[in-house]
>>> print(open('structure02.txt').read())   # compact mmCIF, N, CA and C atoms
# COMPACT_ATOMS: atom_id res chain seq x y z
N VAL O 146 92.53 -17.89 75.63
CA VAL O 146 93.79 -17.24 75.25
C VAL O 146 94.04 -17.49 73.77
N PRO O 147 94.27 -16.44 73.00
CA PRO O 147 94.55 -16.63 71.58
C PRO O 147 95.78 -17.49 71.37
N ALA O 148 95.73 -18.33 70.35
CA ALA O 148 96.81 -19.27 70.10
C ALA O 148 97.96 -18.68 69.30
N VAL O 149 97.71 -17.66 68.47
CA VAL O 149 98.76 -17.08 67.64
C VAL O 149 98.74 -15.57 67.77
N PRO O 150 99.65 -15.00 68.56
CA PRO O 150 99.74 -13.54 68.59
C PRO O 150 100.62 -13.06 67.45
N ARG O 151 100.32 -11.87 66.92
CA ARG O 151 101.16 -11.28 65.88
C ARG O 151 101.70 -9.97 66.44
N TYR O 152 103.01 -9.79 66.37
CA TYR O 152 103.65 -8.64 66.98
C TYR O 152 104.12 -7.64 65.94
N ASP O 153 104.03 -6.36 66.28
CA ASP O 153 104.52 -5.27 65.46
C ASP O 153 105.46 -4.46 66.35
N HIS O 154 106.76 -4.54 66.08
CA HIS O 154 107.77 -3.89 66.92
C HIS O 154 107.62 -4.31 68.37
N MET O 155 107.47 -5.62 68.56
CA MET O 155 107.37 -6.26 69.88
C MET O 155 106.13 -5.86 70.67
N ARG O 156 105.11 -5.36 69.98
CA ARG O 156 103.82 -5.13 70.59
C ARG O 156 102.82 -6.00 69.84
N CYS O 157 101.96 -6.65 70.55
CA CYS O 157 100.99 -7.54 69.91
C CYS O 157 100.06 -6.74 69.01
N LYS O 158 100.08 -7.06 67.73
CA LYS O 158 99.23 -6.37 66.75
C LYS O 158 97.86 -7.03 66.63
N VAL O 159 97.86 -8.37 66.61
CA VAL O 159 96.60 -9.11 66.55
C VAL O 159 96.84 -10.48 67.18
N ALA O 160 95.85 -10.99 67.89
CA ALA O 160 95.91 -12.33 68.45
C ALA O 160 94.62 -13.04 68.05
N PHE O 161 94.74 -14.30 67.65
CA PHE O 161 93.57 -15.00 67.15
C PHE O 161 93.71 -16.49 67.38
N GLY O 162 92.60 -17.20 67.25
CA GLY O 162 92.59 -18.65 67.32
C GLY O 162 92.40 -19.19 68.73
N GLU O 163 91.30 -19.83 68.96
CA GLU O 163 91.05 -20.53 70.21
C GLU O 163 91.46 -21.98 70.03
N LYS O 164 91.75 -22.67 71.14
CA LYS O 164 92.14 -24.08 71.06
C LYS O 164 90.93 -24.92 70.66
N GLY O 165 91.12 -25.75 69.65
CA GLY O 165 90.07 -26.65 69.20
C GLY O 165 90.34 -27.13 67.79
N GLN O 166 89.44 -27.95 67.26
CA GLN O 166 89.63 -28.53 65.94
C GLN O 166 88.57 -28.10 64.93
N ALA O 167 87.67 -27.22 65.32
CA ALA O 167 86.67 -26.70 64.39
C ALA O 167 87.34 -25.67 63.47
N PRO O 168 86.74 -25.38 62.32
CA PRO O 168 87.31 -24.35 61.44
C PRO O 168 87.52 -23.03 62.20
N GLY O 169 88.70 -22.47 62.06
CA GLY O 169 89.04 -21.23 62.75
C GLY O 169 89.69 -21.43 64.10
N GLU O 170 89.61 -22.64 64.63
CA GLU O 170 90.28 -22.96 65.89
C GLU O 170 91.63 -23.60 65.57
N LEU O 171 92.53 -23.59 66.52
CA LEU O 171 93.87 -24.15 66.31
C LEU O 171 94.15 -25.24 67.32
N TYR O 172 94.74 -26.34 66.83
CA TYR O 172 95.05 -27.47 67.69
C TYR O 172 96.51 -27.84 67.47
N PHE O 173 97.35 -27.58 68.44
CA PHE O 173 98.78 -27.81 68.36
C PHE O 173 99.42 -27.12 67.15
N PRO O 174 99.32 -25.78 67.08
CA PRO O 174 99.98 -25.08 65.98
C PRO O 174 101.48 -25.28 66.03
N ARG O 175 102.09 -25.49 64.86
CA ARG O 175 103.52 -25.80 64.79
C ARG O 175 104.32 -24.78 63.99
N GLY O 176 103.80 -24.36 62.85
CA GLY O 176 104.55 -23.44 62.00
C GLY O 176 103.67 -22.30 61.53
N VAL O 177 104.30 -21.16 61.25
CA VAL O 177 103.57 -19.98 60.79
C VAL O 177 104.32 -19.36 59.63
N ALA O 178 103.58 -18.94 58.60
CA ALA O 178 104.16 -18.19 57.48
C ALA O 178 103.17 -17.12 57.07
N ILE O 179 103.68 -15.98 56.61
CA ILE O 179 102.83 -14.87 56.20
C ILE O 179 103.04 -14.60 54.72
N ASP O 180 101.95 -14.53 53.98
CA ASP O 180 101.99 -14.20 52.56
C ASP O 180 102.32 -12.72 52.43
N GLU O 181 103.45 -12.42 51.83
CA GLU O 181 103.90 -11.02 51.75
C GLU O 181 103.02 -10.17 50.84
N ASN O 182 102.25 -10.78 49.95
CA ASN O 182 101.37 -10.02 49.05
C ASN O 182 100.03 -9.70 49.68
N THR O 183 99.45 -10.66 50.38
CA THR O 183 98.10 -10.48 50.93
C THR O 183 98.09 -10.25 52.44
N GLY O 184 99.16 -10.61 53.11
CA GLY O 184 99.19 -10.53 54.57
C GLY O 184 98.52 -11.72 55.24
N SER O 185 98.00 -12.67 54.44
CA SER O 185 97.36 -13.86 55.01
C SER O 185 98.35 -14.64 55.84
N ILE O 186 97.86 -15.25 56.92
CA ILE O 186 98.69 -15.98 57.87
C ILE O 186 98.36 -17.46 57.75
N TYR O 187 99.37 -18.28 57.48
CA TYR O 187 99.23 -19.72 57.32
C TYR O 187 99.79 -20.40 58.57
N VAL O 188 99.01 -21.29 59.17
CA VAL O 188 99.41 -21.96 60.41
C VAL O 188 99.29 -23.47 60.22
N THR O 189 100.40 -24.21 60.41
CA THR O 189 100.33 -25.67 60.36
C THR O 189 99.88 -26.19 61.72
N GLU O 190 99.05 -27.23 61.69
CA GLU O 190 98.55 -27.85 62.91
C GLU O 190 98.77 -29.36 62.84
N GLY O 191 99.39 -29.91 63.84
CA GLY O 191 99.63 -31.34 63.89
C GLY O 191 98.97 -31.96 65.11
N TYR O 192 99.25 -33.22 65.33
CA TYR O 192 98.76 -33.95 66.50
C TYR O 192 97.25 -33.92 66.63
N GLY O 193 96.54 -34.21 65.57
CA GLY O 193 95.09 -34.29 65.64
C GLY O 193 94.38 -33.59 64.50
N SER O 194 94.74 -32.36 64.22
CA SER O 194 94.07 -31.62 63.13
C SER O 194 94.69 -31.94 61.78
N ASN O 195 96.02 -32.04 61.74
CA ASN O 195 96.74 -32.42 60.51
C ASN O 195 96.31 -31.58 59.31
N ARG O 196 96.42 -30.27 59.45
CA ARG O 196 95.97 -29.37 58.40
C ARG O 196 96.76 -28.07 58.43
N VAL O 197 96.49 -27.23 57.44
CA VAL O 197 96.99 -25.87 57.41
C VAL O 197 95.78 -24.96 57.44
N SER O 198 95.74 -24.05 58.41
CA SER O 198 94.65 -23.09 58.50
C SER O 198 95.16 -21.74 58.00
N VAL O 199 94.29 -21.00 57.31
CA VAL O 199 94.66 -19.71 56.74
C VAL O 199 93.76 -18.64 57.34
N PHE O 200 94.40 -17.55 57.79
CA PHE O 200 93.71 -16.44 58.41
C PHE O 200 94.07 -15.15 57.68
N SER O 201 93.18 -14.17 57.75
CA SER O 201 93.47 -12.87 57.16
C SER O 201 94.50 -12.15 58.03
N GLU O 202 94.99 -11.05 57.55
CA GLU O 202 95.97 -10.25 58.29
C GLU O 202 95.43 -9.80 59.64
N SER O 203 94.11 -9.64 59.73
CA SER O 203 93.49 -9.23 60.99
C SER O 203 93.08 -10.40 61.87
N GLY O 204 93.35 -11.64 61.40
CA GLY O 204 93.08 -12.83 62.20
C GLY O 204 91.76 -13.51 61.93
N ASP O 205 91.02 -13.06 60.92
CA ASP O 205 89.75 -13.71 60.56
C ASP O 205 90.05 -15.02 59.82
N PHE O 206 89.32 -16.08 60.16
CA PHE O 206 89.51 -17.37 59.50
C PHE O 206 89.08 -17.28 58.05
N LEU O 207 89.93 -17.81 57.14
CA LEU O 207 89.62 -17.82 55.71
C LEU O 207 89.33 -19.22 55.20
N THR O 208 90.24 -20.16 55.43
CA THR O 208 90.08 -21.51 54.91
C THR O 208 91.06 -22.46 55.60
N THR O 209 90.94 -23.71 55.28
CA THR O 209 91.88 -24.72 55.74
C THR O 209 92.12 -25.70 54.60
N PHE O 210 93.29 -26.33 54.58
CA PHE O 210 93.54 -27.34 53.56
C PHE O 210 94.48 -28.41 54.12
N THR O 211 94.42 -29.56 53.48
CA THR O 211 95.25 -30.70 53.86
C THR O 211 95.38 -31.59 52.63
N HIS O 212 96.01 -32.72 52.81
CA HIS O 212 96.13 -33.71 51.75
C HIS O 212 96.22 -35.08 52.40
N ASP O 213 95.87 -36.12 51.65
CA ASP O 213 95.91 -37.48 52.20
C ASP O 213 97.29 -37.85 52.73
N ASP O 214 98.36 -37.27 52.16
CA ASP O 214 99.72 -37.57 52.61
C ASP O 214 100.08 -36.85 53.90
N THR O 215 99.26 -35.90 54.35
CA THR O 215 99.59 -35.07 55.50
C THR O 215 99.19 -35.77 56.79
N LEU O 216 100.17 -36.06 57.65
CA LEU O 216 99.88 -36.67 58.94
C LEU O 216 100.31 -35.79 60.10
N LEU O 217 101.42 -35.09 59.98
CA LEU O 217 101.90 -34.25 61.06
C LEU O 217 102.65 -33.04 60.50
N PRO O 218 101.90 -32.08 59.92
CA PRO O 218 102.55 -30.90 59.34
C PRO O 218 103.27 -30.09 60.40
N HIS O 219 104.45 -29.61 60.06
CA HIS O 219 105.27 -28.88 61.03
C HIS O 219 105.67 -27.53 60.47
N GLY O 220 106.70 -27.51 59.63
CA GLY O 220 107.18 -26.25 59.08
C GLY O 220 106.40 -25.85 57.85
N ILE O 221 106.45 -24.55 57.54
CA ILE O 221 105.76 -24.05 56.35
C ILE O 221 106.53 -22.86 55.79
N ALA O 222 106.59 -22.80 54.47
CA ALA O 222 107.23 -21.68 53.79
C ALA O 222 106.40 -21.33 52.55
N LEU O 223 106.34 -20.04 52.25
CA LEU O 223 105.63 -19.55 51.07
C LEU O 223 106.63 -18.88 50.15
N HIS O 224 106.48 -19.14 48.86
CA HIS O 224 107.31 -18.47 47.86
C HIS O 224 106.47 -18.26 46.61
N ARG O 225 106.20 -17.01 46.31
CA ARG O 225 105.30 -16.65 45.21
C ARG O 225 103.97 -17.36 45.42
N ASP O 226 103.55 -18.21 44.50
CA ASP O 226 102.27 -18.90 44.69
C ASP O 226 102.48 -20.36 45.09
N ASN O 227 103.62 -20.63 45.72
CA ASN O 227 103.95 -21.99 46.16
C ASN O 227 103.92 -22.08 47.68
N ILE O 228 103.44 -23.21 48.18
CA ILE O 228 103.40 -23.49 49.62
C ILE O 228 104.16 -24.79 49.85
N TYR O 229 105.12 -24.77 50.77
CA TYR O 229 105.89 -25.97 51.12
C TYR O 229 105.63 -26.28 52.59
N VAL O 230 105.26 -27.53 52.87
CA VAL O 230 104.94 -27.95 54.23
C VAL O 230 105.76 -29.19 54.56
N THR O 231 106.51 -29.14 55.67
CA THR O 231 107.23 -30.34 56.10
C THR O 231 106.29 -31.20 56.93
N ASP O 232 106.39 -32.49 56.75
CA ASP O 232 105.59 -33.43 57.53
C ASP O 232 106.54 -34.28 58.37
N TYR O 233 106.47 -34.06 59.66
CA TYR O 233 107.36 -34.69 60.64
C TYR O 233 107.17 -36.20 60.70
N PHE O 234 105.93 -36.67 60.55
CA PHE O 234 105.63 -38.09 60.70
C PHE O 234 105.93 -38.89 59.44
N VAL O 235 105.61 -38.32 58.28
CA VAL O 235 105.77 -39.02 57.01
C VAL O 235 107.16 -38.78 56.42
N ASP O 236 107.98 -37.93 57.07
CA ASP O 236 109.34 -37.65 56.62
C ASP O 236 109.35 -37.13 55.18
N SER O 237 108.57 -36.08 54.95
CA SER O 237 108.45 -35.58 53.59
C SER O 237 108.19 -34.08 53.58
N VAL O 238 108.27 -33.50 52.39
CA VAL O 238 107.88 -32.12 52.14
C VAL O 238 106.74 -32.16 51.13
N LEU O 239 105.63 -31.54 51.46
CA LEU O 239 104.50 -31.47 50.54
C LEU O 239 104.52 -30.11 49.85
N TYR O 240 104.23 -30.12 48.56
CA TYR O 240 104.26 -28.92 47.74
C TYR O 240 102.85 -28.64 47.23
N PHE O 241 102.35 -27.45 47.56
CA PHE O 241 101.02 -27.02 47.15
C PHE O 241 101.16 -25.78 46.27
N LYS O 242 100.16 -25.53 45.45
CA LYS O 242 100.13 -24.38 44.56
C LYS O 242 98.89 -23.55 44.87
N MET O 243 99.07 -22.23 45.01
CA MET O 243 97.93 -21.33 45.20
C MET O 243 97.45 -20.88 43.84
N GLU O 244 96.26 -21.27 43.47
CA GLU O 244 95.67 -20.84 42.21
C GLU O 244 94.26 -20.37 42.54
N GLN O 245 93.28 -20.80 41.80
CA GLN O 245 91.90 -20.49 42.16
C GLN O 245 91.58 -21.14 43.51
N ARG O 246 92.19 -22.27 43.74
CA ARG O 246 92.09 -22.97 45.02
C ARG O 246 93.48 -23.54 45.30
N ILE O 247 93.72 -23.93 46.52
CA ILE O 247 95.02 -24.51 46.87
C ILE O 247 94.99 -25.97 46.48
N ARG O 248 95.96 -26.40 45.69
CA ARG O 248 95.97 -27.80 45.27
C ARG O 248 97.34 -28.43 45.49
N HIS O 249 97.34 -29.70 45.81
CA HIS O 249 98.56 -30.46 46.06
C HIS O 249 99.22 -30.77 44.72
N ILE O 250 100.52 -30.54 44.63
CA ILE O 250 101.27 -30.80 43.40
C ILE O 250 102.15 -32.05 43.54
N ALA O 251 102.90 -32.13 44.62
CA ALA O 251 103.85 -33.25 44.76
C ALA O 251 104.22 -33.44 46.23
N THR O 252 104.78 -34.60 46.51
CA THR O 252 105.35 -34.91 47.82
C THR O 252 106.79 -35.34 47.59
N PHE O 253 107.71 -34.75 48.33
CA PHE O 253 109.12 -35.07 48.21
C PHE O 253 109.59 -35.83 49.44
N GLY O 254 110.55 -36.72 49.26
CA GLY O 254 111.08 -37.51 50.36
C GLY O 254 110.55 -38.92 50.27
N SER O 255 111.45 -39.88 50.38
CA SER O 255 111.04 -41.28 50.21
C SER O 255 111.08 -42.04 51.53
N GLY O 256 110.76 -41.34 52.61
CA GLY O 256 110.72 -42.02 53.90
C GLY O 256 111.88 -41.65 54.78
N GLU O 257 111.82 -42.11 56.03
CA GLU O 257 112.83 -41.78 57.02
C GLU O 257 114.17 -42.41 56.66
N GLY O 258 115.21 -41.62 56.83
CA GLY O 258 116.54 -42.16 56.59
C GLY O 258 117.56 -41.06 56.36
N TYR O 259 118.75 -41.47 56.04
CA TYR O 259 119.86 -40.55 55.85
C TYR O 259 120.45 -40.65 54.45
N LEU O 260 119.81 -41.41 53.58
CA LEU O 260 120.30 -41.58 52.23
C LEU O 260 119.74 -40.47 51.34
N ASN O 261 120.24 -40.38 50.11
CA ASN O 261 119.70 -39.42 49.16
C ASN O 261 118.19 -39.59 49.05
N GLU O 262 117.49 -38.50 48.96
CA GLU O 262 116.04 -38.44 48.82
C GLU O 262 115.28 -38.89 50.06
N GLN O 263 115.95 -39.12 51.17
CA GLN O 263 115.27 -39.48 52.40
C GLN O 263 115.37 -38.30 53.38
N LEU O 264 114.37 -38.19 54.23
CA LEU O 264 114.34 -37.14 55.25
C LEU O 264 114.11 -37.80 56.61
N ASN O 265 114.62 -37.17 57.64
CA ASN O 265 114.47 -37.72 58.98
C ASN O 265 113.77 -36.69 59.85
N THR O 266 112.48 -36.88 60.04
CA THR O 266 111.61 -36.03 60.85
C THR O 266 111.85 -34.53 60.61
N PRO O 267 111.58 -34.04 59.39
CA PRO O 267 111.80 -32.62 59.10
C PRO O 267 110.82 -31.74 59.86
N LYS O 268 111.33 -30.68 60.42
CA LYS O 268 110.48 -29.75 61.19
C LYS O 268 110.38 -28.40 60.52
N GLY O 269 111.49 -27.82 60.15
CA GLY O 269 111.48 -26.48 59.57
C GLY O 269 111.76 -26.52 58.08
N ILE O 270 111.48 -25.41 57.43
CA ILE O 270 111.79 -25.30 56.01
C ILE O 270 112.08 -23.84 55.69
>>> encode(input="structure02.txt", output="structure tokens")
Amino acid sequence: VPAVPRYDHMRCKVAFGEKGQAPGELYFPRGVAIDENTGSIYVTEGYGSNRVSVFSESGDFLTTFTHDDTLLPHGIALHRDNIYVTDYFVDSVLYFKMEQRIRHIATFGSGEGYLNEQLNTPKGI
């Protein structure tokens, strides 16, 4: 069963991703974002894979990326050439830049808590 269906007017347009941890497979997908310029689909995976997988608009696997700070990626948002990923376990937001390759720029959040600059298990963004 495909792990991520894509709907067009409530009809499935494309479904892709088998359960697993190999490139192109999905393991506990948590968040999805679509690049409005390319149609690429970004999927966060936690609980084992700890990565972001990228698929074409038609569901073909393109690439995957992660960072040493990434333990449990959850939410994801794209804005221009910026990628923001919330990490539920590390209580932070990771900021990546899309250039020739995707590279990590910064990590925001100084740990779990309710004080300024602290986050408490962020899921969405």
>>> residues_near_point(input="structure02.txt", point="(98.4, -20.2, 53.7)", cutoff="6 Å", atoms="only N, CA and C atoms", output="list in words")
Ser185, Ile186, Tyr187, Val188, Ser198 and Val199 of chain O
>>> atom_distance(input="structure02.txt", atom1="CA of Gly165 (chain O)", atom2="CA of Phe200 (chain O)")
15.3 Å
>>> atom_distance(input="structure02.txt", atom1="atom N of Phe234 (chain O)", atom2="atom C of Gly269 (chain O)")
12.0 Å
>>> residues_around(input="structure02.txt", residues="Glu181 (chain O)", least_positions_apart="6", cutoff="10 Å", atoms="only C-alpha atoms", output="list of chain:residue names")
O:Leu223, O:His224, O:Arg225
>>> write_last_selection(input="structure02.txt", atoms="N, CA and C atoms", output="PDB file, keeping the file's coordinate frame")
ATOM      1  N   LEU O 223     106.340 -20.040  52.250  1.00  0.00           N
ATOM      2  CA  LEU O 223     105.630 -19.550  51.070  1.00  0.00           C
ATOM      3  C   LEU O 223     106.630 -18.880  50.150  1.00  0.00           C
ATOM      4  N   HIS O 224     106.480 -19.140  48.860  1.00  0.00           N
ATOM      5  CA  HIS O 224     107.310 -18.470  47.860  1.00  0.00           C
ATOM      6  C   HIS O 224     106.470 -18.260  46.610  1.00  0.00           C
ATOM      7  N   ARG O 225     106.200 -17.010  46.310  1.00  0.00           N
ATOM      8  CA  ARG O 225     105.300 -16.650  45.210  1.00  0.00           C
ATOM      9  C   ARG O 225     103.970 -17.360  45.420  1.00  0.00           C
TER      10      ARG O 225
END
>>> atom_distance(input="structure02.txt", atom1="CA of Ile228 (chain O)", atom2="CA of Arg156 (chain O)")
27.9 Å
>>> closest_residue(input="structure02.txt", among="O:Ile179, O:Val159, O:Val230, O:Ala222", to="Phe210 (chain O)", atoms="only C-alpha atoms")
O:Val230
>>> closest_residue(input="structure02.txt", among="O:Cys157, O:Asp232, O:Thr183, O:Val197", to="Gly220 (chain O)", atoms="all atoms listed in the file")
O:Asp232
>>> residues_around(input="structure02.txt", residues="Gly204 (chain O)", least_positions_apart="2", cutoff="6.5 Å", atoms="only N, CA and C atoms", output="list of chain:residue names")
O:Ala160, O:Phe161, O:Phe200, O:Ser201, O:Glu202, O:Phe206
>>> residues_around(input="structure02.txt", residues="Gly191 (chain O)", least_positions_apart="6", cutoff="9 Å", atoms="only C-alpha atoms", output="list in words")
Tyr172, Phe173, Pro174, Arg175, Val197, Leu216, Leu217, Pro218, His219 and Asp232 of chain O
>>> closest_residue(input="structure02.txt", among="O:Val238, O:Asn227, O:Gly169, O:Asn195", to="Thr208 (chain O)", atoms="all atoms listed in the file")
O:Gly169
